[in-house]
file model31.csv (CSV, C-alpha atoms)
chain,number,residue,atom,x,y,z
A,209,MET,CA,0.0,0.0,0.0
A,210,LYS,CA,1.3,3.4,-0.9
A,211,ILE,CA,1.9,5.6,2.1
A,212,ASN,CA,1.1,9.3,1.9
A,213,PHE,CA,3.8,10.9,4.0
A,214,ASP,CA,2.7,14.4,2.9
A,215,GLU,CA,-0.5,13.9,4.9
A,216,GLY,CA,1.3,14.4,8.2
A,217,THR,CA,-0.3,14.3,11.7
A,218,ASN,CA,-1.2,17.2,14.0
A,219,ARG,CA,0.8,16.5,17.2
A,220,LYS,CA,-0.1,19.6,19.2
A,221,ASN,CA,-1.8,19.0,22.5
A,222,THR,CA,-0.7,15.4,22.6
A,223,ASN,CA,1.9,15.8,25.4
A,224,SER,CA,4.6,15.7,22.7
A,225,SER,CA,8.1,16.6,23.8
A,226,LYS,CA,8.7,18.0,20.3
A,227,TRP,CA,5.5,20.0,19.8
A,228,ASP,CA,4.1,20.9,23.2
A,229,ILE,CA,7.3,22.1,25.0
A,230,ASP,CA,6.4,25.6,23.9
A,231,GLN,CA,2.8,26.9,23.9
A,232,ARG,CA,3.4,29.5,21.3
A,233,PRO,CA,1.0,28.7,18.5
A,234,ASP,CA,3.5,29.7,15.7
A,235,MET,CA,6.4,27.5,17.0
A,236,LEU,CA,7.8,25.1,14.4
A,237,PRO,CA,9.9,22.4,16.1
A,238,MET,CA,12.7,20.9,14.0
A,239,TRP,CA,14.9,19.8,16.9
A,240,VAL,CA,14.4,16.6,18.8
A,241,ALA,CA,14.9,13.4,16.8
A,242,ASP,CA,11.5,11.9,16.4
A,243,MET,CA,9.2,11.9,13.3
A,244,ASP,CA,5.9,13.6,12.6
A,245,PHE,CA,4.6,10.5,10.7
A,246,LYS,CA,2.3,7.8,12.0
A,247,ALA,CA,3.8,4.4,12.7
A,248,PRO,CA,3.1,1.5,10.3
A,249,ASP,CA,-0.5,0.3,10.2
A,250,ALA,CA,0.6,-3.1,11.5
A,251,VAL,CA,2.0,-1.5,14.6
A,252,ILE,CA,-1.1,0.5,15.2
A,253,GLN,CA,-3.3,-2.6,14.8
A,254,ALA,CA,-1.1,-4.6,17.2
A,255,LEU,CA,-1.4,-1.9,19.8
A,256,GLU,CA,-5.2,-1.5,19.2
A,257,LYS,CA,-5.6,-5.2,19.8
A,258,ARG,CA,-3.7,-4.9,23.1
A,259,VAL,CA,-5.8,-2.0,24.1
A,260,GLN,CA,-9.0,-3.9,23.4
A,261,HIS,CA,-7.8,-6.8,25.6
A,262,GLY,CA,-8.0,-4.2,28.4
A,263,VAL,CA,-5.6,-5.7,30.9
A,264,PHE,CA,-2.1,-4.1,31.2
A,265,GLY,CA,-0.4,-6.1,33.9
A,266,TYR,CA,3.2,-7.2,34.1
A,267,ALA,CA,4.6,-8.6,30.9
A,268,ARG,CA,7.0,-11.3,29.9
A,269,PHE,CA,9.0,-11.7,26.6
A,270,PRO,CA,7.5,-14.2,24.2
A,271,ASP,CA,9.7,-16.1,21.8
A,272,ALA,CA,8.2,-14.0,19.0
A,273,TYR,CA,9.9,-10.9,20.5
A,274,TYR,CA,13.4,-12.5,20.2
A,275,GLU,CA,12.6,-14.0,16.8
A,276,ALA,CA,11.6,-10.6,15.4
A,277,GLU,CA,14.8,-9.0,16.7
A,278,VAL,CA,17.0,-11.8,15.3
A,279,SER,CA,15.1,-11.9,12.0
A,280,TRP,CA,15.5,-8.1,11.5
A,281,TRP,CA,19.2,-8.2,11.9
A,282,GLU,CA,19.5,-10.9,9.3
A,283,LYS,CA,17.1,-9.7,6.6
A,284,ARG,CA,17.9,-6.0,7.0
A,285,HIS,CA,21.6,-6.1,7.9
A,286,GLN,CA,22.8,-9.5,6.8
A,287,PHE,CA,24.1,-10.4,10.2
A,288,GLN,CA,23.1,-13.4,12.3
A,289,ILE,CA,22.7,-13.0,16.0
A,290,LEU,CA,21.4,-15.5,18.6
A,291,LYS,CA,18.5,-15.1,20.9
A,292,GLU,CA,20.8,-15.5,23.9
A,293,TRP,CA,22.7,-12.3,22.9
A,294,VAL,CA,19.7,-10.1,23.4
A,295,ALA,CA,19.1,-8.1,26.6
A,296,PHE,CA,16.1,-5.8,26.9
A,297,THR,CA,16.2,-2.3,28.2
A,298,SER,CA,13.8,0.6,28.3
A,299,GLY,CA,15.9,2.7,26.0
A,300,VAL,CA,19.3,3.4,24.5
A,301,ILE,CA,20.0,6.1,27.0
A,302,PRO,CA,19.5,3.8,30.0
A,303,ALA,CA,21.6,1.3,28.2
A,304,LEU,CA,24.5,3.7,27.7
A,305,THR,CA,24.3,4.6,31.4
A,306,ALA,CA,24.3,1.0,32.5
A,307,ILE,CA,27.2,0.0,30.2
A,308,VAL,CA,29.4,2.8,31.5
A,309,GLN,CA,28.5,1.8,35.1
A,310,ALA,CA,29.2,-1.9,34.4
A,311,PHE,CA,32.5,-1.7,32.6
A,312,THR,CA,34.2,1.3,34.2
A,313,GLU,CA,35.2,2.5,37.7
A,314,PRO,CA,35.0,6.2,38.8
A,315,GLY,CA,38.1,7.9,37.5
A,316,ASP,CA,38.4,5.7,34.4
A,317,LYS,CA,38.2,7.3,30.9
A,318,VAL,CA,35.7,6.9,28.0
A,319,LEU,CA,36.6,7.7,24.4
A,320,ILE,CA,34.0,9.5,22.2
A,321,GLN,CA,34.2,11.1,18.8
A,322,SER,CA,33.1,14.7,18.8
A,323,PRO,CA,30.8,16.3,17.6
A,324,VAL,CA,28.5,13.5,18.8
A,325,TYR,CA,25.2,12.8,20.5
A,326,ASN,CA,25.3,14.7,23.9
A,327,ASN,CA,24.2,11.7,26.0
A,328,PHE,CA,27.5,10.0,25.4
A,329,ASN,CA,29.1,12.7,27.4
A,330,THR,CA,26.3,12.7,30.0
A,331,ALA,CA,26.5,8.9,30.5
A,332,THR,CA,30.2,9.1,31.0
A,333,THR,CA,30.3,11.9,33.5
A,334,ASN,CA,27.3,10.5,35.4
A,335,GLY,CA,29.4,7.3,35.8
A,336,GLY,CA,32.2,9.3,37.4
A,337,CYS,CA,34.4,8.9,34.4
A,338,GLU,CA,36.4,11.3,32.3
A,339,VAL,CA,35.5,12.0,28.7
A,340,VAL,CA,38.4,11.7,26.2
A,341,ILE,CA,37.6,13.2,22.8
A,342,ASN,CA,38.8,12.0,19.4
A,343,GLU,CA,37.7,14.9,17.3
A,344,LEU,CA,36.4,14.0,13.9
A,345,LYS,CA,38.2,15.8,11.0
A,346,PHE,CA,35.9,18.0,8.9
A,347,ASN,CA,37.2,18.7,5.4
A,348,GLY,CA,34.5,21.1,4.4
A,349,ASP,CA,32.2,18.4,2.9
A,350,ARG,CA,32.3,15.4,5.2
A,351,TYR,CA,33.8,14.1,8.4
A,352,GLU,CA,36.6,11.6,8.7
A,353,ILE,CA,38.2,9.8,11.6
A,354,ASP,CA,41.6,11.0,12.9
A,355,PHE,CA,43.0,7.5,13.4
A,356,ASP,CA,46.4,8.6,14.7
A,357,ASP,CA,44.8,10.6,17.4
A,358,PHE,CA,42.3,7.8,18.1
A,359,GLU,CA,45.1,5.3,18.6
A,360,ARG,CA,47.1,7.6,20.9
A,361,LYS,CA,44.1,8.1,23.1
A,362,ALA,CA,43.0,4.4,23.1
A,363,ALA,CA,46.5,3.5,24.2
A,364,ASP,CA,45.9,5.2,27.6
A,365,GLU,CA,45.5,2.4,30.1
A,366,GLN,CA,42.7,4.4,31.8
A,367,VAL,CA,40.5,4.3,28.7
A,368,LYS,CA,38.2,1.4,29.2
A,369,LEU,CA,35.4,2.1,26.8
A,370,PHE,CA,34.9,3.6,23.4
A,371,ILE,CA,31.3,4.8,22.5
A,372,LEU,CA,30.8,4.6,18.7
A,373,CYS,CA,27.9,6.3,17.0
A,374,ASN,CA,27.1,4.2,13.9
A,375,PRO,CA,25.6,5.8,11.8
A,376,HIS,CA,26.7,9.0,13.3
A,377,ASN,CA,24.5,11.6,14.9
A,378,PRO,CA,24.7,14.6,14.1
A,379,VAL,CA,27.1,14.5,11.1
A,380,GLY,CA,25.3,11.8,9.2
A,381,ARG,CA,28.2,9.5,8.3
A,382,VAL,CA,27.8,5.8,7.6
A,383,TRP,CA,31.1,4.4,8.6
A,384,SER,CA,32.6,2.0,6.1
A,385,ARG,CA,33.8,-1.5,6.8
A,386,ASP,CA,37.4,-0.4,6.4
A,387,GLU,CA,37.0,2.4,9.0
A,388,LEU,CA,35.2,0.1,11.4
A,389,GLU,CA,37.8,-2.6,11.1
A,390,ARG,CA,40.6,-0.2,11.9
A,391,LEU,CA,38.7,1.1,14.9
A,392,GLY,CA,38.1,-2.5,16.0
A,393,GLU,CA,41.8,-3.5,15.6
A,394,ILE,CA,42.9,-0.5,17.7
A,395,CYS,CA,40.4,-1.1,20.5
A,396,LEU,CA,41.2,-4.8,20.6
A,397,ALA,CA,44.9,-4.1,20.8
A,398,HIS,CA,44.5,-1.8,23.7
A,399,ASN,CA,41.8,-3.7,25.6
A,400,VAL,CA,39.1,-1.1,25.0
A,401,ILE,CA,35.5,-2.3,24.8
A,402,VAL,CA,33.4,-0.9,22.0
A,403,LEU,CA,29.9,0.3,22.8
A,404,ALA,CA,28.1,0.8,19.4
A,405,ASP,CA,25.0,3.0,19.4
A,406,GLU,CA,23.3,1.8,16.3
A,407,ILE,CA,19.9,3.3,16.8
A,408,HIS,CA,19.9,5.0,13.4
A,409,ARG,CA,21.1,1.8,11.6
A,410,ASP,CA,17.9,1.5,9.5
A,411,LEU,CA,17.8,5.1,8.2
A,412,VAL,CA,20.5,4.8,5.6
A,413,PHE,CA,20.2,6.4,2.2
A,414,GLU,CA,20.7,4.9,-1.2
A,415,GLY,CA,24.3,4.3,-2.1
A,416,HIS,CA,25.3,3.5,1.4
A,417,ARG,CA,25.0,0.4,3.7
A,418,HIS,CA,25.1,0.1,7.4
A,419,VAL,CA,27.8,-2.3,8.7
A,420,PRO,CA,27.0,-3.6,12.2
A,421,PHE,CA,30.1,-3.2,14.4
A,422,ALA,CA,29.4,-6.6,15.8
A,423,SER,CA,30.2,-8.1,12.3
A,424,ILE,CA,33.7,-6.6,12.8
A,425,SER,CA,34.4,-7.5,16.4
A,426,VAL,CA,31.6,-9.6,17.9
A,427,MET,CA,33.4,-10.6,21.1
A,428,ASN,CA,34.8,-7.1,22.0
A,429,SER,CA,31.6,-5.1,21.4
A,430,ILE,CA,28.2,-4.4,22.8
A,431,THR,CA,25.5,-2.9,20.5
A,432,CYS,CA,22.5,-0.9,21.3
A,433,THR,CA,19.5,-1.0,19.0
A,434,SER,CA,15.8,0.1,19.0
A,435,PRO,CA,12.9,0.3,16.7
A,436,SER,CA,12.2,3.8,18.1
A,437,LYS,CA,14.0,6.0,15.4
A,438,THR,CA,13.1,3.6,12.5
A,439,PHE,CA,9.3,3.4,13.1
A,440,ASN,CA,8.8,6.4,15.4
A,441,LEU,CA,8.1,4.4,18.5
A,442,ALA,CA,10.2,6.3,21.1
A,443,GLY,CA,7.3,6.5,23.5
A,444,LEU,CA,7.0,2.7,23.7
A,445,LYS,CA,10.3,2.7,25.7
A,446,THR,CA,11.7,-0.4,24.1
A,447,ALA,CA,15.3,-1.2,23.1
A,448,ASN,CA,17.7,-4.1,23.0
A,449,VAL,CA,21.4,-4.5,23.8
A,450,ILE,CA,23.3,-7.2,21.8
A,451,ALA,CA,26.3,-8.9,23.4
A,452,ALA,CA,27.8,-12.1,22.1
A,453,ASN,CA,30.4,-12.2,24.9
A,454,GLU,CA,28.7,-14.0,27.8
A,455,GLU,CA,30.8,-12.3,30.4
A,456,TYR,CA,29.9,-8.9,29.0
A,457,ARG,CA,26.2,-9.9,28.8
A,458,GLU,CA,25.9,-11.1,32.3
A,459,LYS,CA,27.7,-8.1,33.8
A,460,LEU,CA,25.4,-5.8,31.7
A,461,LYS,CA,22.2,-7.6,32.8
A,462,ARG,CA,23.2,-7.3,36.4
A,463,GLN,CA,23.6,-3.5,36.0
A,464,LEU,CA,20.4,-3.1,34.1
A,465,HIS,CA,18.6,-5.0,36.9
A,466,ILE,CA,20.2,-2.8,39.5
A,467,ASN,CA,19.1,0.3,37.6
A,468,GLY,CA,15.5,-1.0,37.2
A,469,ALA,CA,15.8,-0.7,33.4
A,470,GLN,CA,14.7,-4.2,32.4
A,471,GLU,CA,10.9,-4.0,33.0
A,472,PRO,CA,9.1,-4.2,29.7
A,473,ASN,CA,6.4,-2.0,28.4
A,474,VAL,CA,3.5,-4.3,27.3
A,475,PHE,CA,2.9,-2.1,24.3
A,476,GLY,CA,6.6,-2.0,23.4
A,477,ILE,CA,6.7,-5.8,23.1
A,478,ASP,CA,3.8,-5.9,20.6
A,479,GLY,CA,5.1,-2.8,18.8
A,480,LEU,CA,8.5,-4.2,18.2
A,481,ILE,CA,7.2,-7.6,16.9
A,482,ALA,CA,4.8,-5.9,14.5
A,483,ALA,CA,7.3,-3.4,13.3
A,484,TYR,CA,10.1,-5.8,12.6
A,485,ASN,CA,7.8,-8.5,11.1
A,486,GLU,CA,5.5,-6.3,9.1
A,487,GLY,CA,7.0,-2.8,8.8
A,488,GLU,CA,9.7,-3.3,6.1
A,489,ASP,CA,7.6,-2.0,3.2
A,490,TRP,CA,6.6,1.1,5.2
A,491,LEU,CA,10.3,1.7,6.0
A,492,ASP,CA,11.3,1.4,2.4
A,493,GLN,CA,8.7,4.0,1.4
A,494,LEU,CA,9.8,6.3,4.3
A,495,LEU,CA,13.4,6.2,3.1
A,496,VAL,CA,12.4,7.4,-0.4
A,497,TYR,CA,10.4,10.2,1.2
A,498,LEU,CA,13.2,11.3,3.5
A,499,GLN,CA,15.7,11.2,0.7
A,500,GLY,CA,13.4,13.5,-1.2
A,501,ASN,CA,13.3,15.8,1.8
A,502,ARG,CA,17.1,15.7,2.1
A,503,ASP,CA,17.7,16.5,-1.5
A,504,HIS,CA,15.1,19.4,-1.5
A,505,PHE,CA,16.7,20.8,1.7
A,506,ILE,CA,20.2,20.7,0.1
A,507,SER,CA,19.0,22.4,-3.1
A,508,PHE,CA,17.3,25.2,-1.0
A,509,VAL,CA,20.4,25.9,1.0
A,510,GLU,CA,22.7,25.9,-2.0
A,511,GLN,CA,20.5,28.2,-4.0
A,512,ARG,CA,19.1,30.6,-1.3
A,513,LEU,CA,21.3,30.4,1.8
A,514,LEU,CA,24.8,31.0,0.3
A,515,LYS,CA,26.5,31.7,3.6
A,516,LEU,CA,25.5,28.3,5.0
A,517,LYS,CA,27.1,25.0,4.1
A,518,VAL,CA,25.0,21.9,4.3
A,519,LEU,CA,26.5,18.5,4.6
A,520,VAL,CA,24.9,15.6,2.6
A,521,PRO,CA,23.9,13.0,5.2
A,522,GLU,CA,24.5,9.4,4.3
A,523,ALA,CA,22.0,8.4,7.0
A,524,THR,CA,19.5,9.7,9.6
A,525,TYR,CA,16.9,12.4,9.1
A,526,LEU,CA,19.1,15.1,10.6
A,527,MET,CA,20.7,17.9,8.6
A,528,TRP,CA,24.0,19.4,9.8
A,529,LEU,CA,24.6,23.0,8.8
A,530,ASP,CA,27.9,24.9,8.9
A,531,CYS,CA,26.9,28.5,9.9
A,532,ARG,CA,30.4,29.9,10.7
A,533,GLU,CA,30.4,32.4,7.8
A,534,LEU,CA,27.5,34.3,9.4
A,535,GLY,CA,29.8,35.9,11.9
A,536,ILE,CA,27.7,35.0,14.9
A,537,SER,CA,27.8,31.9,17.2
A,538,SER,CA,25.5,29.0,16.6
A,539,GLU,CA,24.1,29.6,20.1
A,540,GLU,CA,23.1,33.1,19.1
A,541,LEU,CA,21.7,32.0,15.8
A,542,SER,CA,19.6,29.3,17.6
A,543,LYS,CA,18.2,32.0,19.9
A,544,LYS,CA,17.4,34.3,17.0
A,545,LEU,CA,15.6,31.5,15.1
A,546,ASP,CA,13.6,30.7,18.2
A,547,GLU,CA,12.7,34.2,19.2
A,548,GLU,CA,12.4,35.9,15.8
A,549,ALA,CA,11.1,33.1,13.5
A,550,GLY,CA,9.5,30.6,15.9
A,551,LEU,CA,11.8,27.9,14.6
A,552,ARG,CA,13.4,25.6,17.1
A,553,ILE,CA,16.5,23.7,16.1
A,554,ILE,CA,19.5,22.4,18.0
A,555,ASN,CA,22.7,24.5,18.5
A,556,GLY,CA,25.6,22.3,17.5
A,557,GLY,CA,27.6,23.3,20.6
A,558,VAL,CA,25.4,20.8,22.5
A,559,TYR,CA,27.5,18.1,20.8
A,560,GLY,CA,30.8,19.4,22.0
A,561,GLU,CA,33.3,22.1,21.1
A,562,ALA,CA,33.7,20.7,17.6
A,563,GLY,CA,29.9,21.3,17.0
A,564,LYS,CA,30.1,25.1,17.7
A,565,GLY,CA,29.3,27.0,14.6
A,566,PHE,CA,26.9,24.4,13.4
A,567,ILE,CA,23.1,23.7,13.8
A,568,ARG,CA,21.1,20.5,13.5
A,569,MET,CA,17.6,20.4,11.8
A,570,ASN,CA,15.2,17.5,11.8
A,571,ILE,CA,13.6,16.8,8.4
A,572,ALA,CA,11.3,13.9,9.4
A,573,CYS,CA,8.2,15.9,8.7
A,574,THR,CA,6.0,16.7,5.8
A,575,ARG,CA,7.8,18.5,2.9
A,576,ALA,CA,5.5,21.5,3.3
A,577,LEU,CA,6.6,21.9,7.0
A,578,MET,CA,10.2,21.4,6.1
A,579,ILE,CA,10.0,24.2,3.4
A,580,GLU,CA,8.3,26.5,5.9
A,581,GLY,CA,11.2,25.9,8.3
A,582,LEU,CA,13.7,26.6,5.6
A,583,GLU,CA,11.9,29.9,4.7
A,584,ARG,CA,12.0,30.9,8.4
A,585,LEU,CA,15.7,30.1,8.5
A,586,GLU,CA,16.2,32.2,5.4
A,587,ARG,CA,14.5,35.2,6.9
A,588,VAL,CA,16.7,35.2,9.9
A,589,VAL,CA,19.9,34.5,7.9
A,590,ASN,CA,19.1,37.3,5.4
A,591,ALA,CA,18.6,39.8,8.3
A,592,ILE,CA,22.0,38.9,9.7
A,593,SER,CA,23.7,39.1,6.3
call {"tool": "encode", "arguments": {"input": "model31.csv", "output": "structure tokens"}}
result
Amino acid sequence: MKINFDEGTNRKNTNSSKWDIDQRPDMLPMWVADMDFKAPDAVIQALEKRVQHGVFGYARFPDAYYEAEVSWWEKRHQFQILKEWVAFTSGVIPALTAIVQAFTEPGDKVLIQSPVYNNFNTATTNGGCEVVINELKFNGDRYEIDFDDFERKAADEQVKLFILCNPHNPVGRVWSRDELERLGEICLAHNVIVLADEIHRDLVFEGHRHVPFASISVMNSITCTSPSKTFNLAGLKTANVIAANEEYREKLKRQLHINGAQEPNVFGIDGLIAAYNEGEDWLDQLLVYLQGNRDHFISFVEQRLLKLKVLVPEATYLMWLDCRELGISSEELSKKLDEEAGLRIINGGVYGEAGKGFIRMNIACTRALMIEGLERLERVVNAIS
């Protein structure tokens, strides 16, 4: 069935973090990473069936839950995992926190690649650890890994964990097998465990392919996944952590239990099963629509916002814009967009020093809304220029 993503859904007054954080009627939110599209019909029907049953007591995981997770890895990413490798948690953020707690001691160091998702930093410091930054190299068009710097820092005996963003948020890179193999070799040589956040793994554009880090180094890695970004199910609070190494897995499960992060959401169980078993066609159509949004966004910026530089994302629905030629900070630009144009985006400084001078915009919305957001951005940028 053909999905009409241009139809959109009114999310105001639904307790939406994205739409209801500000009561201004003119506010257009293009910040937090969720989508304005309804989930696949199969997911909605599965949840409706659960609602009609009317009893929402404690839940257990049926075999169908694990089978759906295992099947998705194989059919979508050509990698075989075992049911025994899967550990449930209520979200990737609780998983990050638990893994830092389980595999480090206060005073240890955790390696991250900046600019990167801000909760990598938060999970590290909350665990009493020091953040060590391997800054990505920006060549004006895309980001690359500084491997010499990475190896120097991984060689520090206090570095116990490396958090990999694969694909990368916010810069949109899909790391190649060669890049991942080199990272894996360095980490293995220096006894650094790799924590791979692969929550955006399914949102990869044509011409690129997601390589699961576990396919590179299965025994020295722990991978976090969720259907939340792929199918817009963040509110169902359902994620999985994949660990082939039994020692890692048992240590992780103990920490998740201590943190109270292993109690399932009854709707999340049914939602994941329906999404992974019946949502693939919906996802394929979504990717075509998002790629159209991406290409339109790039064309608009290149033709009408000449002082901005837009990166071409290989994955995610997040656009990363270089605003340094404007002569004002990205923090100030974000404030102007919010106050003068009613456009909420994310100041790149949130993602570390290397993100300053950049902004991030979410294009997982109808094309009409995206164009409106671009026109609001244009008005503010023109006024600065």
call {"tool": "closest_atom_pairs", "arguments": {"input": "model31.csv", "of": "stretch 460-575 of chain A", "to": "stretch 284-298 of chain A", "cutoff": "8 Å", "atoms": "all atoms listed in the file", "output": "CSV"}}
result
residue,atom,partner,partner_atom,distance
A:Lys461,CA,A:Ala295,CA,6.9
A:Leu464,CA,A:Thr297,CA,7.3
A:Ala469,CA,A:Thr297,CA,5.5
A:Gln470,CA,A:Thr297,CA,4.8
A:Glu471,CA,A:Ser298,CA,7.2
A:Pro472,CA,A:Ser298,CA,6.9
A:Asn473,CA,A:Ser298,CA,7.8
call {"tool": "closest_residue", "arguments": {"input": "model31.csv", "among": "A:Lys544, A:Leu534, A:Ser429, A:Val589", "to": "A:Gly565", "atoms": "all atoms listed in the file"}}
result
A:Leu534
call {"tool": "atom_distance", "arguments": {"input": "model31.csv", "atom1": "atom CA of A:Asp357", "atom2": "atom CA of A:Gly560"}}
result
17.2 Å
call {"tool": "closest_residue", "arguments": {"input": "model31.csv", "among": "A:Lys368, A:Lys543, A:Arg350, A:His376", "to": "A:Val402", "atoms": "all atoms listed in the file"}}
result
A:Lys368
call {"tool": "closest_residue", "arguments": {"input": "model31.csv", "among": "A:Phe355, A:Trp227, A:Tyr273, A:Phe245", "to": "A:Tyr484", "atoms": "all atoms listed in the file"}}
result
A:Tyr273
call {"tool": "atom_distance", "arguments": {"input": "model31.csv", "atom1": "atom CA of A:Val259", "atom2": "atom CA of A:Ile229"}}
result
27.4 Å
call {"tool": "residues_around", "arguments": {"input": "model31.csv", "residues": "A:Gly476", "least_positions_apart": "2", "cutoff": "12 Å", "atoms": "all atoms listed in the file", "output": "MDAnalysis selection string"}}
result
chainID A and resid 251:252 254:255 258 264 267:269 273 296:299 434:436 439:448 471:474 478:484
call {"tool": "residues_around", "arguments": {"input": "model31.csv", "residues": "stretch 343-345 of chain A", "least_positions_apart": "6", "cutoff": "12 Å", "atoms": "all atoms listed in the file", "output": "list in words"}}
result
Leu319, Ile320, Gln321, Ser322, Pro323, Val324, Tyr351, Glu352, Ile353, Asp354, Phe355, Asp356, Asp357, Phe358, Lys361, Leu372, Cys373, His376, Pro378, Val379, Arg381, Tyr559, Gly560, Glu561, Ala562 and Gly563 of chain A
call {"tool": "atom_distance", "arguments": {"input": "model31.csv", "atom1": "atom CA of A:Arg532", "atom2": "atom CA of A:Arg587"}}
result
17.2 Å
call {"tool": "residues_around", "arguments": {"input": "model31.csv", "residues": "A:Asn453", "least_positions_apart": "3", "cutoff": "12 Å", "atoms": "all atoms listed in the file", "output": "mmCIF file with C-alpha atoms, keeping the file's coordinate frame"}}
result
data_model
loop_
_atom_site.group_PDB
_atom_site.id
_atom_site.type_symbol
_atom_site.label_atom_id
_atom_site.label_comp_id
_atom_site.auth_asym_id
_atom_site.auth_seq_id
_atom_site.Cartn_x
_atom_site.Cartn_y
_atom_site.Cartn_z
ATOM 1 C CA ILE A 289 22.700 -13.000 16.000
ATOM 2 C CA LEU A 290 21.400 -15.500 18.600
ATOM 3 C CA GLU A 292 20.800 -15.500 23.900
ATOM 4 C CA TRP A 293 22.700 -12.300 22.900
ATOM 5 C CA VAL A 294 19.700 -10.100 23.400
ATOM 6 C CA ILE A 401 35.500 -2.300 24.800
ATOM 7 C CA ALA A 422 29.400 -6.600 15.800
ATOM 8 C CA SER A 425 34.400 -7.500 16.400
ATOM 9 C CA VAL A 426 31.600 -9.600 17.900
ATOM 10 C CA MET A 427 33.400 -10.600 21.100
ATOM 11 C CA ASN A 428 34.800 -7.100 22.000
ATOM 12 C CA SER A 429 31.600 -5.100 21.400
ATOM 13 C CA ILE A 430 28.200 -4.400 22.800
ATOM 14 C CA THR A 431 25.500 -2.900 20.500
ATOM 15 C CA VAL A 449 21.400 -4.500 23.800
ATOM 16 C CA ILE A 450 23.300 -7.200 21.800
ATOM 17 C CA TYR A 456 29.900 -8.900 29.000
ATOM 18 C CA ARG A 457 26.200 -9.900 28.800
ATOM 19 C CA GLU A 458 25.900 -11.100 32.300
ATOM 20 C CA LYS A 459 27.700 -8.100 33.800
ATOM 21 C CA LEU A 460 25.400 -5.800 31.700
#
call {"tool": "residues_near_point", "arguments": {"input": "model31.csv", "point": "(5.5, 10.6, 4.4)", "cutoff": "12 Å", "atoms": "all atoms listed in the file", "output": "NGL selection string"}}
result
:A and (210-217 or 243-248 or 439 or 490-501 or 571-578)
call {"tool": "residues_around", "arguments": {"input": "model31.csv", "residues": "A:Arg417", "least_positions_apart": "3", "cutoff": "12 Å", "atoms": "only C-alpha atoms", "output": "PDB file with C-alpha atoms, keeping the file's coordinate frame"}}
result
ATOM      1  CA  ARG A 284      17.900  -6.000   7.000  1.00  0.00           C
ATOM      2  CA  HIS A 285      21.600  -6.100   7.900  1.00  0.00           C
ATOM      3  CA  GLN A 286      22.800  -9.500   6.800  1.00  0.00           C
ATOM      4  CA  ASN A 374      27.100   4.200  13.900  1.00  0.00           C
ATOM      5  CA  PRO A 375      25.600   5.800  11.800  1.00  0.00           C
ATOM      6  CA  ARG A 381      28.200   9.500   8.300  1.00  0.00           C
ATOM      7  CA  VAL A 382      27.800   5.800   7.600  1.00  0.00           C
ATOM      8  CA  TRP A 383      31.100   4.400   8.600  1.00  0.00           C
ATOM      9  CA  SER A 384      32.600   2.000   6.100  1.00  0.00           C
ATOM     10  CA  ARG A 385      33.800  -1.500   6.800  1.00  0.00           C
ATOM     11  CA  HIS A 408      19.900   5.000  13.400  1.00  0.00           C
ATOM     12  CA  ARG A 409      21.100   1.800  11.600  1.00  0.00           C
ATOM     13  CA  ASP A 410      17.900   1.500   9.500  1.00  0.00           C
ATOM     14  CA  LEU A 411      17.800   5.100   8.200  1.00  0.00           C
ATOM     15  CA  VAL A 412      20.500   4.800   5.600  1.00  0.00           C
ATOM     16  CA  PHE A 413      20.200   6.400   2.200  1.00  0.00           C
ATOM     17  CA  GLU A 414      20.700   4.900  -1.200  1.00  0.00           C
ATOM     18  CA  PRO A 420      27.000  -3.600  12.200  1.00  0.00           C
ATOM     19  CA  GLU A 522      24.500   9.400   4.300  1.00  0.00           C
ATOM     20  CA  ALA A 523      22.000   8.400   7.000  1.00  0.00           C
TER      21      ALA A 523
END
